[in-house]
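Student: The structure's right below; bear with me while I get my questions together.
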Protein chains: 6
Amino acid sequence: MLNLDQIDKVIKLSLSEDMPFGDITTENIVSEKSVSKARFIAKASGIVCGMPVVLRTFYLLDTEVSIEVLCPDGTKVNKGDVIATIEGPTVAILEGERTALNLLQRLSGVATATNELVEIIKDTKTSVVDTRKTTPGLRYLEKYAVRVGGGQNHRFSLSDGVLIKDNHIVAAGGIKQAVSMVRGNIPHTIKIEVETESLDMVKEAIEAKADIIMLDNMTNEMMQEAVKFINGRALVEASGDMNKDRILGVAQTGVDIISVGKLTHSVKAMDISLKFYA
Amino acid sequence: MLNLDQIDKVIKLSLSEDMPFGDITTENIVSEKSVSKARFIAKASGIVCGMPVVLRTFYLLDTEVSIEVLCPDGTKVNKGDVIATIEGPTVAILEGERTALNLLQRLSGVATATNELVEIIKDTKTSVVDTRKTTPGLRYLEKYAVRVGGGQNHRFSLSDGVLIKDNHIVAAGGIKQAVSMVRGNIPHTIKIEVETESLDMVKEAIEAKADIIMLDNMTNEMMQEAVKFINGRALVEASGDMNKDRILGVAQTGVDIISVGKLTHSVKAMDISLKFYA
Amino acid sequence: MLNLDQIDKVIKLSLSEDMPFGDITTENIVSEKSVSKARFIAKASGIVCGMPVVLRTFYLLDTEVSIEVLCPDGTKVNKGDVIATIEGPTVAILEGERTALNLLQRLSGVATATNELVEIIKDTKTSVVDTRKTTPGLRYLEKYAVRVGGGQNHRFSLSDGVLIKDNHIVAAGGIKQAVSMVRGNIPHTIKIEVETESLDMVKEAIEAKADIIMLDNMTNEMMQEAVKFINGRALVEASGDMNKDRILGVAQTGVDIISVGKLTHSVKAMDISLKFYA
Amino acid sequence: MLNLDQIDKVIKLSLSEDMPFGDITTENIVSEKSVSKARFIAKASGIVCGMPVVLRTFYLLDTEVSIEVLCPDGTKVNKGDVIATIEGPTVAILEGERTALNLLQRLSGVATATNELVEIIKDTKTSVVDTRKTTPGLRYLEKYAVRVGGGQNHRFSLSDGVLIKDNHIVAAGGIKQAVSMVRGNIPHTIKIEVETESLDMVKEAIEAKADIIMLDNMTNEMMQEAVKFINGRALVEASGDMNKDRILGVAQTGVDIISVGKLTHSVKAMDISLKFYA
Amino acid sequence: MLNLDQIDKVIKLSLSEDMPFGDITTENIVSEKSVSKARFIAKASGIVCGMPVVLRTFYLLDTEVSIEVLCPDGTKVNKGDVIATIEGPTVAILEGERTALNLLQRLSGVATATNELVEIIKDTKTSVVDTRKTTPGLRYLEKYAVRVGGGQNHRFSLSDGVLIKDNHIVAAGGIKQAVSMVRGNIPHTIKIEVETESLDMVKEAIEAKADIIMLDNMTNEMMQEAVKFINGRALVEASGDMNKDRILGVAQTGVDIISVGKLTHSVKAMDISLKFYA
Amino acid sequence: MLNLDQIDKVIKLSLSEDMPFGDITTENIVSEKSVSKARFIAKASGIVCGMPVVLRTFYLLDTEVSIEVLCPDGTKVNKGDVIATIEGPTVAILEGERTALNLLQRLSGVATATNELVEIIKDTKTSVVDTRKTTPGLRYLEKYAVRVGGGQNHRFSLSDGVLIKDNHIVAAGGIKQAVSMVRGNIPHTIKIEVETESLDMVKEAIEAKADIIMLDNMTNEMMQEAVKFINGRALVEASGDMNKDRILGVAQTGVDIISVGKLTHSVKAMDISLKFYA
């Protein structure tokens, strides 16, 4: 379920960017009364994501556009599959086309890339999560796409999760100090995560009663050792240049979570087109 | 030269997305008085793009942050190169880090991808241009990155350029009709472009006195023939799934412009990190 | 066809300016259930412009207001003509009256003034266009009114058209240099216009392959000579204190376009009233 | 003294309307380091109004622009007078020029037109006031210009003044009822004005203890009689198509206030230019 | 009658504060199709105020929520009374609950506190009014609640009423000077109030023709004397730490108005709950 | 440390509410050049909270105002104590006075009320936390005030914490189901809290591995039993009409946290005045 307000803000921004003062081609050629039909067609295989955004884009342009969704978010599609059909005022369809496709293709790209990793480690107990390396302005939607692709989310922002990094530890004078400075000043509903780069740091973090321990840029061997040491006393997250080739090995070290920046920072848009038909 | 207002809107959106109600880790650990130094370091080769955005991000957070830019936008860098140094309040550096890097990496990715294509066809007279397949909210910056990479821009939006497509032609009853419906109703400062899929359409467009003719999804042979027929009477733009492997052949057909969607719809972030040092 | 978003922004600004915290007269006297009928009546002759804005003003206040438009935009009306009838909640009609009339009267004033000039030169091939001397915040609507009055538009803003003026030429070191500095850095969809004050400048501009040449503050004789010299190699625009008395002579010099600042900088509102009836 | 927030909102709206995505001419030609000098010169006589807006426009674009105001708001100038000099980055001067002039010329136009009427009736005790027939979005500034021209202001909006009109009287069932419905429900700091069209209505309004009585579209004789009858028991405002020819006669009937719509609904911009010099 | 725009701004602010990126509990548990019924029940006695806000909150979240208001604004309720019933999508009811209750309870608290004072002095001719000591962002609604409770309003803001205080008097060089500096520069529709602290100041204010005289922090005896001196030549307002114990005595001095800061600066929320039922 | 953006949004909203179109008293009387000095003086004892807001209010109005803070946030003051001194342009001081005091008094009220409860239970291990019953628009600041008073915060909003209530349990078909529906779909950084009304529910919640268990409206005896049963397996929060009289007894049951709605829903402003001096 997506928050309408969040979607609408993105769509309005995009529409006004693409039409700061109207569509001078369409408005001068196409009659307000003209109606058309078209189909959203997958031109590559992947996981569809973003149909609520598509629906809302055209609704905001003209409430008389109607869309039938054949492949709702999460559906695996192949090249040639019809994802949805759209019918309504031609002007609205032409004006919303680019905004709708730009978002649909990007979100489907994120869901597809996530799903690829999720499938690779599906026989382990490990989850794939995103990071804050999202596209400015699109974080809410991209994190949704990660979930649609079978992944889970890391904290949404600096405001709703604690991640104590190197600089924090230095500033505080140690992991224990850092954790305790945070503990009393944040909601009791939020866990505390500590980023570690060595087993010594892992031990300190456990002593400080961190709720989550991030193993940053460690070898699989180090991670295995850390998992063994932690032994369920904290959630364990692996981080650092994760990719298709490496992810299964990392999952097999027994970490609970693997966070992957490229799910959102290097998106390959899924190819989807809007084809008119009579 | 970048428009400050445009930059600031994106940065503020990104900062408030990343810190809707503060940074609960940093604010509870790092003193307001603490200062730090750090370096932006390239972890891959490419074209730097986005330093004005980086400068502005930290300026908006704290005017006491100072940044020395060693590799301004457009510089080719290699892995390990120091792009800039930053010095100032630790809190501001930590709070702005993600927003600055998210934008810098993405824009450098766009500039780098553009430059790759530009280099391939540098011995032809053809230009590489972008499309409207940009990230919602980031069009202004992404189009800037295309220019930094050596490309040129297509129209900014539906409001400032005319592109008569299939549906417009059908609605108007022909290319000639479509062009003349637009001609009298748009500023005389804007050219009219017609999308064509066959030589017959090219001929019609020339008769209609189109200023630019887009050759959409044609073979190189068809494009060569079209260029010959047009013979300087209009600018010629080639379009449709352009990529590294294909672009030189297309340029050699003699088209003036090649538009490439993937410059902006499938960006691979350039890897850049911010490293603190004592 | 007007862009709804553009209209709504102006109307909401106007309504909130006129009612920052309600209408303390009407809200305390008129029942929410009261309904009324009224007529928009022309109290002077002219060209009606702005009815979509009127419709939208009342729609935004109360969707139960219904309006029948008898004289749509572009209609020539005489004193006493009923332009439209309105029926619905009295509160909404009273609260929207001033905003609706302020915009309708101003836009009709622009259309009427434009039409007057257009009529004078209707037997020439010359067009009347507007300038950027519009009312802050109302440019989109005022440019629409110019078209409704039979005129055409100049560039919308500094972002979507190039006009190389004196200062640019000085900064660039000559017309040729200025044109070439711009050519590679703007969308290929946008023409380049050069402002000239002498025949020598006209020649330079032609050599630089300017798409449009503005003849600024020239005598009719100079303009005639310039037109002859240019001979179709560029569009020709005449500019500088144009008015009713002078415009025919200027048009007869053969220029393509005459731009007129006072169409929008010195608007005489067309007198229109809203009269209630039982 | 002008409220900065109010000014800035208008200027930002205007700048972003005039440069939605930069100034593609200037940014590609003029160096960021180039500086220029220019003069604001009156090309017609009138009352200067709007210099704080001019100052703020350039300040918002670039804090390094400096302006020396020679003729502050309220100064009577003649053709050729230098109103102010400006010096600073050429880019900022070129980008702000149109916004600054559009506002300065319009506000000076309002102040000049107001002053013309004020001068005509300067030997009477009557004041000239404005109406709500202002330009959408510019009311605050236009009302300021009226004061600069020597006039006074009517209520700012529907929220801060009561004007009981025909429709209110009908809805309430009489003037007395209307006044009493309002009296208890508005701040005790606000006066109640009643619009009247006959002497009978004037009498009723006096009985209802209205604070201000508007004489709408009455002959001078009727107004004289009304003033005599009212005899200081309420302020008296004359309204309805006031102009230069008529205003002295109306003032001589003894009314306290004359409200004039055309001060703001039909503004003739005062001609002012910005001339660069070496 | 409440201005929709004003209400909606507050509600949207509140909803986005309470759900910056969705409701992660409800969205993951409750189906979009689930519908529920619930009742707003008074858990203490008081005056209901804020039902239009409640209606609008749920309408903005989901137009399918329907609410039946049993006790409209102004109704006195006792513990256990059902104020309204609500029926519709469970998700919307859960997401709007806190925003609706936070506003309803606060406004009912203001109305109840106002009414308590109004009742105490109901046999005098004196009115209870509010001040500018309102909650930032809620002034429009809190002033409405004061009216619902039987009170009246003081000026809405610094823009729509004049209150000459000590500092103004010092700056002007006396009450007479202060009043005359304001008189010519504000709309003639606004009264002038002077704050006084002694009978001498009262006399000066009367001489200056102040419309309203505030007696600030005076004893009842002084106030009585002031009222006698003023004798109807101005409205008289008593101010300074007014409360239940003192208000009747003050009213009996004959002042017209008593302004009470704590109506809005120290609100005790009225206890109201939303109970689901099958 | 407070987030500037959050503070500024509230202050700007408040200033524009209090001065939609200027301060018509001050602007007409006090010279722009006039400067003044004044003191913020406590007129009651309590905990100061909100000085950063005060600083920022005047800074936003005029950067030349300077303030010396004698009692920073968290200081216990008594009647008569000078909290801060302010010096600068009189206009800015007068225009910002009400906004600054409205916020300072309210936040100090929250901090003071919180501190009162914190002091009562200071010899237990229990914390006082707030709820979502905050003033619309002021949640960020009010939660800060709770911390300044010695309390801690509950979740900020529906987006960053999970609280499974009765309706969620019914919708899910049981506590276990509800917890597991949420677990996989929220960031792993967020704890899950379950509201319980009986010991059976407590047991179910423990079985479901809830991180936090809320004991809602239970007797002290029930709470004691629950605490014993939970035995450290989850955090325990007591909730329901907590107040001064009851809170020590509740804390002594051994609960970890007591949440108190009235900290923010029924604030008594702390009396603080701004006194000018020569």
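Just so we're on the same page: first chain in the structure tokens is A, next is B, and so on; residues restart at 1 for each chain, and ligands are numbered from 1 in the order they show up.
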Taking only C-alpha atoms into account, which residues of chain D are within 9 Å of chain F, as number ranges by chain?
Tutor: D: 1-6, 140, 156
Student: Keeping only C-alpha atoms, write those residues as a PDB file, in the first residue's frame.
Tutor:
```pdb
ATOM      1  CA  MET D   1       8.204  50.544   5.101  1.00  0.00           C
ATOM      2  CA  LEU D   2       7.562  47.406   3.066  1.00  0.00           C
ATOM      3  CA  ASN D   3       7.316  43.865   4.409  1.00  0.00           C
ATOM      4  CA  LEU D   4      10.281  41.948   2.984  1.00  0.00           C
ATOM      5  CA  ASP D   5       8.469  38.650   2.872  1.00  0.00           C
ATOM      6  CA  GLN D   6       5.706  40.116   0.740  1.00  0.00           C
ATOM      7  CA  TYR D 140       0.232  44.438  -1.401  1.00  0.00           C
ATOM      8  CA  PHE D 156      -6.873  44.978   2.115  1.00  0.00           C
TER       9      PHE D 156
END
```
Student: Extract, using only C-alpha atoms, all DNA, RNA and protein residues at most 6 Å from stretch 217-230 of chain D, discarding same-chain residues fewer than 4 positions from it, and format them as a list in words.
Tutor: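 Those residues are Gly240, Val250 and Thr253 of chain D.
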Student: Could you save those same residues with N, CA and C atoms as a PDB file, in the first residue's frame?
Tutor:
```pdb
ATOM      1  N   GLY D 240     -17.709  54.770  -7.864  1.00  0.00           N
ATOM      2  CA  GLY D 240     -18.376  54.572  -9.160  1.00  0.00           C
ATOM      3  C   GLY D 240     -17.756  55.388 -10.273  1.00  0.00           C
ATOM      4  N   VAL D 250     -16.862  65.833  -7.217  1.00  0.00           N
ATOM      5  CA  VAL D 250     -17.281  64.868  -6.197  1.00  0.00           C
ATOM      6  C   VAL D 250     -16.691  65.252  -4.838  1.00  0.00           C
ATOM      7  N   THR D 253     -18.510  67.828  -2.897  1.00  0.00           N
ATOM      8  CA  THR D 253     -19.781  67.499  -2.218  1.00  0.00           C
ATOM      9  C   THR D 253     -19.538  67.270  -0.736  1.00  0.00           C
TER      10      THR D 253
END
```
Student: Among the residues of stretch 34-264 of chain B, find those DSSP assigns to helix (DSSP H, G or I) from the backbone and print them as a PyMOL selection string.
Tutor: chain B and resi 51-61+90-120+139-148+166-172+175-183+199-207+220-230+244-251+262-264
Student: Please identify all polymer residues within 12 Å of A:Pro187, counting only C-alpha atoms, omitting same-chain residues fewer than 4 positions from it, and present them as a ChimeraX atom specification.
Tutor: /A:159-162,182-183,191-192 /B:24-25 /F:127-131,143-144,146-147,151-157,160-162,190-191,212,257,259
Student: Calculate how many Å separate atom CA of C:Lys37 from atom CA of C:Leu103, rounding to one decimal.
Tutor: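 Taking atom CA of C:Lys37 and atom CA of C:Leu103, their separation equals 20.4 Å.
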Student: Work out how far atom CA of D:Leu235 is from atom CA of D:Glu204, in Å to one decimal.
Tutor: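 That distance, rounded to one decimal, is 14.8 Å.
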Student: Quick one: everything within 10 Å of stretch 166-174 of chain D, counting only C-alpha atoms, minus sequence neighbours fewer than 4 positions away in the same chain. Send it as a list in words.
Tutor: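 Listing them by chain and then by number gives Thr25, Thr26, Glu27, Asn28, Ile29, Val30, Ser31, Ser34, Ser36, Thr90, Val91, Leu94 and Phe276 of chain C; Ala178, Val179, Ser180, Met181, Val194, Glu195, Thr196, Glu197, Met201, Glu204, Ala205 and Ala208 of chain D.
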Student: Would you please extract all strand (DSSP E) residues from stretch 89-224 of chain E, as assigned by DSSP on the backbone, and give them as number ranges by chain?
Tutor: E: 89, 127-129, 162-164, 192-196, 212-216
Student: Using only C-alpha atoms, which of the listed residues (A:Thr264, A:Thr99, A:Ser45, A:Thr124) sits closest to A:Val77?
Tutor: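 Using only C-alpha atoms, the shortest distance to A:Val77 belongs to A:Ser45.
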Student: Could you check which of B:Thr126, B:Ile164, B:Val148, B:Arg139 is closest to B:Val236, using only C-alpha atoms?
Tutor: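 Answer, going by the shortest atom-to-atom distance: B:Thr126.
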Student: So that I can see what lies close to B:Val48, please list as a ChimeraX atom specification the residues with an atom at most 12 Å from it, counting only C-alpha atoms and leaving out residues fewer than 6 positions away in the same chain.
Tutor: /B:40-42,54,69-79,81-84,101,103-115,145-146,148-149,269-272
Student: Considering only C-alpha atoms, state which residue in the set F:Ile121, F:Leu13, F:Leu163, F:Val267 is at the smallest distance from F:Gly249.
Tutor: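 Ranked by minimum distance to F:Gly249, first place goes to F:Ile121.
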Student: Please determine, counting only C-alpha atoms, which residue among D:Ala44, D:Ala100, D:Met51, D:Ala38 has the shortest atom-to-atom distance to D:Ile11.
Tutor: D:Ala100
Student: Would you work out the distance separating atom CA of F:Gly232 from atom CA of A:Ile186, expressed in Å to one decimal?
Tutor: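 Calculated distance between atom CA of F:Gly232 and atom CA of A:Ile186 is 20.0 Å.
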